[in-house]
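This is model25.pdb (PDB, C-alpha atoms, pLDDT in the B column).
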ATOM      1  CA  MET X   1       0.000   0.000   0.000  1.00 41.00           C
ATOM      2  CA  THR X   2       1.172   3.542  -0.679  1.00 43.00           C
ATOM      3  CA  ASP X   3       1.100   6.215   2.028  1.00 41.00           C
ATOM      4  CA  ILE X   4      -2.111   7.592   0.525  1.00 43.00           C
ATOM      5  CA  ASP X   5      -3.717   4.163   0.627  1.00 42.00           C
ATOM      6  CA  ALA X   6      -2.621   3.521   4.205  1.00 41.00           C
ATOM      7  CA  ARG X   7      -4.044   6.853   5.397  1.00 46.00           C
ATOM      8  CA  SER X   8      -7.395   6.216   3.776  1.00 47.00           C
ATOM      9  CA  SER X   9      -7.854   2.598   4.880  1.00 59.00           C
ATOM     10  CA  VAL X  10     -10.937   1.887   6.965  1.00 59.00           C
ATOM     11  CA  LYS X  11      -8.740  -0.318   9.132  1.00 57.00           C
ATOM     12  CA  ASP X  12      -6.977   2.843  10.303  1.00 60.00           C
ATOM     13  CA  LEU X  13     -10.220   4.560  11.323  1.00 57.00           C
ATOM     14  CA  PRO X  14     -11.214   4.722  14.999  1.00 59.00           C
ATOM     15  CA  ALA X  15     -13.337   1.914  16.350  1.00 59.00           C
ATOM     16  CA  LYS X  16     -17.025   2.617  15.930  1.00 52.00           C
ATOM     17  CA  ASP X  17     -17.388   2.673  19.707  1.00 60.00           C
ATOM     18  CA  ALA X  18     -14.770   5.463  19.942  1.00 74.00           C
ATOM     19  CA  SER X  19     -17.544   7.980  20.577  1.00 85.00           C
ATOM     20  CA  PRO X  20     -21.319   7.799  20.659  1.00 86.00           C
ATOM     21  CA  ASP X  21     -21.348  10.622  18.087  1.00 90.00           C
ATOM     22  CA  TYR X  22     -18.966   8.888  15.653  1.00 90.00           C
ATOM     23  CA  VAL X  23     -20.565   8.251  12.238  1.00 91.00           C
ATOM     24  CA  GLN X  24     -18.816   5.304  10.633  1.00 92.00           C
ATOM     25  CA  SER X  25     -20.517   5.830   7.259  1.00 95.00           C
ATOM     26  CA  LEU X  26     -19.134   9.346   6.992  1.00 95.00           C
ATOM     27  CA  ALA X  27     -15.644   8.081   7.848  1.00 94.00           C
ATOM     28  CA  ARG X  28     -15.952   5.399   5.182  1.00 97.00           C
ATOM     29  CA  GLY X  29     -17.152   7.875   2.566  1.00 97.00           C
ATOM     30  CA  LEU X  30     -14.230  10.174   3.293  1.00 96.00           C
ATOM     31  CA  SER X  31     -11.833   7.231   3.046  1.00 97.00           C
ATOM     32  CA  VAL X  32     -13.180   6.567  -0.465  1.00 98.00           C
ATOM     33  CA  ILE X  33     -12.455  10.166  -1.472  1.00 98.00           C
ATOM     34  CA  LYS X  34      -8.984   9.992   0.084  1.00 97.00           C
ATOM     35  CA  ALA X  35      -8.217   6.825  -1.902  1.00 98.00           C
ATOM     36  CA  PHE X  36      -7.653   9.051  -4.947  1.00 98.00           C
ATOM     37  CA  GLY X  37      -4.543  11.149  -5.303  1.00 95.00           C
ATOM     38  CA  VAL X  38      -1.700  12.237  -7.516  1.00 94.00           C
ATOM     39  CA  GLU X  39      -0.446   8.682  -7.898  1.00 95.00           C
ATOM     40  CA  ASN X  40      -3.960   7.302  -8.396  1.00 96.00           C
ATOM     41  CA  PRO X  41      -6.226   9.888 -10.054  1.00 97.00           C
ATOM     42  CA  ARG X  42      -8.322   7.125 -11.674  1.00 98.00           C
ATOM     43  CA  ARG X  43      -9.191   3.918  -9.884  1.00 98.00           C
ATOM     44  CA  THR X  44     -11.266   0.844 -10.517  1.00 98.00           C
ATOM     45  CA  LEU X  45     -13.825  -0.374  -8.020  1.00 98.00           C
ATOM     46  CA  SER X  46     -11.401  -3.106  -6.924  1.00 98.00           C
ATOM     47  CA  ASP X  47      -8.629  -0.539  -6.442  1.00 98.00           C
ATOM     48  CA  VAL X  48     -10.854   1.598  -4.212  1.00 98.00           C
ATOM     49  CA  ALA X  49     -12.036  -1.409  -2.202  1.00 98.00           C
ATOM     50  CA  ARG X  50      -8.465  -2.592  -1.685  1.00 97.00           C
ATOM     51  CA  ALA X  51      -7.161   0.899  -0.791  1.00 97.00           C
ATOM     52  CA  THR X  52      -9.915   1.545   1.759  1.00 97.00           C
ATOM     53  CA  GLY X  53     -10.341  -1.927   3.201  1.00 97.00           C
ATOM     54  CA  LEU X  54     -14.033  -1.899   2.245  1.00 98.00           C
ATOM     55  CA  THR X  55     -15.783  -4.763   0.499  1.00 98.00           C
ATOM     56  CA  ARG X  56     -16.353  -4.271  -3.229  1.00 98.00           C
ATOM     57  CA  ALA X  57     -20.114  -3.977  -2.622  1.00 98.00           C
ATOM     58  CA  THR X  58     -19.651  -1.270   0.021  1.00 98.00           C
ATOM     59  CA  ALA X  59     -17.077   0.628  -2.047  1.00 98.00           C
ATOM     60  CA  ARG X  60     -19.462   0.457  -5.037  1.00 98.00           C
ATOM     61  CA  ARG X  61     -22.326   1.986  -3.035  1.00 98.00           C
ATOM     62  CA  PHE X  62     -20.110   4.824  -1.810  1.00 98.00           C
ATOM     63  CA  LEU X  63     -18.727   5.478  -5.303  1.00 98.00           C
ATOM     64  CA  LEU X  64     -22.204   5.508  -6.855  1.00 98.00           C
ATOM     65  CA  THR X  65     -23.481   7.823  -4.114  1.00 98.00           C
ATOM     66  CA  LEU X  66     -20.531  10.169  -4.664  1.00 98.00           C
ATOM     67  CA  THR X  67     -21.277  10.009  -8.403  1.00 98.00           C
ATOM     68  CA  GLU X  68     -24.909  10.986  -7.778  1.00 98.00           C
ATOM     69  CA  LEU X  69     -23.731  13.897  -5.646  1.00 97.00           C
ATOM     70  CA  GLY X  70     -21.304  15.055  -8.347  1.00 97.00           C
ATOM     71  CA  TYR X  71     -18.056  14.377  -6.470  1.00 97.00           C
ATOM     72  CA  VAL X  72     -17.033  11.404  -8.635  1.00 98.00           C
ATOM     73  CA  ARG X  73     -17.370  10.495 -12.305  1.00 98.00           C
ATOM     74  CA  THR X  74     -17.107   7.119 -13.976  1.00 98.00           C
ATOM     75  CA  ASP X  75     -16.794   5.688 -17.446  1.00 98.00           C
ATOM     76  CA  GLY X  76     -18.154   2.349 -16.268  1.00 96.00           C
ATOM     77  CA  SER X  77     -14.800   0.810 -15.412  1.00 97.00           C
ATOM     78  CA  GLN X  78     -12.844   3.583 -13.715  1.00 98.00           C
ATOM     79  CA  PHE X  79     -13.758   6.315 -11.247  1.00 98.00           C
ATOM     80  CA  TRP X  80     -12.190   9.747 -10.699  1.00 98.00           C
ATOM     81  CA  LEU X  81     -12.836  12.794  -8.555  1.00 98.00           C
ATOM     82  CA  THR X  82     -14.453  15.908  -9.997  1.00 96.00           C
ATOM     83  CA  PRO X  83     -13.546  19.493  -9.134  1.00 95.00           C
ATOM     84  CA  ARG X  84     -16.595  19.534  -6.873  1.00 95.00           C
ATOM     85  CA  VAL X  85     -14.522  17.870  -4.124  1.00 95.00           C
ATOM     86  CA  LEU X  86     -12.814  21.237  -3.726  1.00 93.00           C
ATOM     87  CA  GLU X  87     -16.046  22.460  -2.116  1.00 92.00           C
ATOM     88  CA  LEU X  88     -15.275  20.232   0.856  1.00 92.00           C
ATOM     89  CA  GLY X  89     -12.229  22.292   1.806  1.00 90.00           C
ATOM     90  CA  TYR X  90     -13.373  25.658   0.533  1.00 88.00           C
ATOM     91  CA  SER X  91     -14.939  26.825   3.808  1.00 87.00           C
ATOM     92  CA  TYR X  92     -11.660  26.329   5.616  1.00 85.00           C
ATOM     93  CA  LEU X  93      -9.513  27.861   2.882  1.00 82.00           C
ATOM     94  CA  SER X  94     -11.766  30.857   2.337  1.00 84.00           C
ATOM     95  CA  ALA X  95     -11.508  31.757   6.013  1.00 87.00           C
ATOM     96  CA  LEU X  96      -7.704  32.042   5.808  1.00 82.00           C
ATOM     97  CA  SER X  97      -6.141  35.413   5.190  1.00 82.00           C
ATOM     98  CA  LEU X  98      -3.305  35.943   2.734  1.00 79.00           C
ATOM     99  CA  PRO X  99      -0.723  36.233   5.532  1.00 79.00           C
ATOM    100  CA  GLU X 100      -1.889  32.957   7.089  1.00 83.00           C
ATOM    101  CA  VAL X 101      -1.518  31.157   3.760  1.00 84.00           C
ATOM    102  CA  ALA X 102       1.796  32.788   2.850  1.00 84.00           C
ATOM    103  CA  ARG X 103       3.598  32.700   6.202  1.00 85.00           C
ATOM    104  CA  PRO X 104       4.651  28.995   6.252  1.00 88.00           C
ATOM    105  CA  HIS X 105       5.953  29.323   2.686  1.00 86.00           C
ATOM    106  CA  LEU X 106       7.873  32.492   3.505  1.00 84.00           C
ATOM    107  CA  GLU X 107       9.392  30.872   6.596  1.00 84.00           C
ATOM    108  CA  ALA X 108      10.481  27.841   4.549  1.00 85.00           C
ATOM    109  CA  LEU X 109      12.012  30.134   1.933  1.00 83.00           C
ATOM    110  CA  ALA X 110      13.881  32.092   4.600  1.00 81.00           C
ATOM    111  CA  ARG X 111      15.263  28.846   6.094  1.00 80.00           C
ATOM    112  CA  ARG X 112      16.486  27.685   2.670  1.00 79.00           C
ATOM    113  CA  SER X 113      18.482  30.820   2.092  1.00 73.00           C
ATOM    114  CA  THR X 114      22.059  29.986   1.060  1.00 66.00           C
ATOM    115  CA  SER X 115      23.336  33.234   2.518  1.00 64.00           C
ATOM    116  CA  ARG X 116      25.144  33.185   5.849  1.00 63.00           C
ATOM    117  CA  ARG X 117      23.210  36.243   6.796  1.00 67.00           C
ATOM    118  CA  ARG X 118      19.676  36.012   8.028  1.00 67.00           C
ATOM    119  CA  CYS X 119      17.214  36.254   5.161  1.00 73.00           C
ATOM    120  CA  ARG X 120      13.966  38.219   5.355  1.00 75.00           C
ATOM    121  CA  CYS X 121      11.175  37.248   2.976  1.00 78.00           C
ATOM    122  CA  SER X 122       7.961  39.136   2.460  1.00 76.00           C
ATOM    123  CA  ILE X 123       4.989  39.401   0.179  1.00 74.00           C
ATOM    124  CA  THR X 124       3.619  42.689  -0.958  1.00 71.00           C
ATOM    125  CA  THR X 125       0.229  43.804  -2.093  1.00 67.00           C
ATOM    126  CA  THR X 126      -0.817  47.285  -3.005  1.00 61.00           C
ATOM    127  CA  SER X 127      -3.569  49.372  -1.558  1.00 60.00           C
ATOM    128  CA  SER X 128      -4.095  52.775  -3.181  1.00 61.00           C
ATOM    129  CA  MET X 129      -0.660  52.451  -4.781  1.00 59.00           C
ATOM    130  CA  SER X 130       1.133  52.185  -1.412  1.00 60.00           C
ATOM    131  CA  PRO X 131       2.860  48.898  -0.571  1.00 57.00           C
ATOM    132  CA  VAL X 132       1.339  46.797   2.185  1.00 57.00           C
ATOM    133  CA  PHE X 133       3.375  43.989   3.774  1.00 54.00           C
ATOM    134  CA  PRO X 134       0.834  41.522   5.124  1.00 57.00           C
ATOM    135  CA  SER X 135       3.429  38.872   5.988  1.00 59.00           C
ATOM    136  CA  ILE X 136       7.147  38.925   6.722  1.00 57.00           C
ATOM    137  CA  ALA X 137       9.293  35.996   7.838  1.00 61.00           C
ATOM    138  CA  SER X 138      12.911  35.881   8.994  1.00 57.00           C
TER     139      SER X 138
END

Mind converting the file's structure to structure tokens?
Amino acid sequence: MTDIDARSSVKDLPAKDASPDYVQSLARGLSVIKAFGVENPRRTLSDVARATGLTRATARRFLLTLTELGYVRTDGSQFWLTPRVLELGYSYLSALSLPEVARPHLEALARRSTSRRRCRCSITTTSSMSPVFPSIAS
């Protein structure tokens, strides 16, 4: 199994008695979505079942449900995610400000500096033609 497959396996999910509020079906559905990735953008039913640890029948029901909801497409033999899956993370991403998104990247860039001197990295936007520095990392 690849790292992506191992993370999305139902075997790795908490036991259903982990919490009285735990919804195993939701966890399984998310594991089906997570079974797709850069290395596996298109998968057969058997691939998804194997990657998630679900039976073929269960994986099929989840894939067909996700197809009905517009998150997955199929040509009859393979399945793939649609751009609609981006909606699942949009609420989180849209709440982030530019500095929150940029800061970890700026910090990584500053650490990778080949100079012996401390490097300062920043992003700039303009507001009424004056520079604004929403994020600076050293």

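The list of residues within 9 Å of (-6.6, 8.4, -6.6), counted using all atoms listed in the file, is Ile4, Asp5, Ile33, Lys34, Ala35, Phe36, Gly37, Val38, Glu39, Asn40, Pro41, Arg42, Arg43, Val48, Phe79, Trp80 and Leu81 of chain X.
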
Saved selection, atoms kept: C-alpha atoms, as a short mmCIF file (atom, residue, chain, number, x, y, z; two decimals), in the frame of the given file:
data_model
loop_
_atom_site.label_atom_id
_atom_site.label_comp_id
_atom_site.auth_asym_id
_atom_site.auth_seq_id
_atom_site.Cartn_x
_atom_site.Cartn_y
_atom_site.Cartn_z
CA ILE X 4 -2.11 7.59 0.52
CA ASP X 5 -3.72 4.16 0.63
CA ILE X 33 -12.46 10.17 -1.47
CA LYS X 34 -8.98 9.99 0.08
CA ALA X 35 -8.22 6.82 -1.90
CA PHE X 36 -7.65 9.05 -4.95
CA GLY X 37 -4.54 11.15 -5.30
CA VAL X 38 -1.70 12.24 -7.52
CA GLU X 39 -0.45 8.68 -7.90
CA ASN X 40 -3.96 7.30 -8.40
CA PRO X 41 -6.23 9.89 -10.05
CA ARG X 42 -8.32 7.12 -11.67
CA ARG X 43 -9.19 3.92 -9.88
CA VAL X 48 -10.85 1.60 -4.21
CA PHE X 79 -13.76 6.32 -11.25
CA TRP X 80 -12.19 9.75 -10.70
CA LEU X 81 -12.84 12.79 -8.56
#

* Interatomic distance between CA of Leu26 (chain X) and CA of Tyr71 (chain X)? -> 14.4 Å

* Nearest-residue call for Thr44 (chain X), choices X:Gln78, X:Gln24, X:Ser19, X:Thr65, using only C-alpha atoms ->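 Checking each of X:Gln78, X:Gln24, X:Ser19, X:Thr65 against Thr44 (chain X), counting only C-alpha atoms, the winner is X:Gln78.
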
* **Protein and nucleic acid residues near (10.0, 32.0, 1.2) (cut-off 10 Å, only C-alpha atoms) as an MDAnalysis selection string** => chainID X and resid 102:113 119:123 136:138

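For the atom pair formed by CA of Leu30 (chain X) and CA of Phe62 (chain X), the distance is 9.4 Å, given to one decimal.
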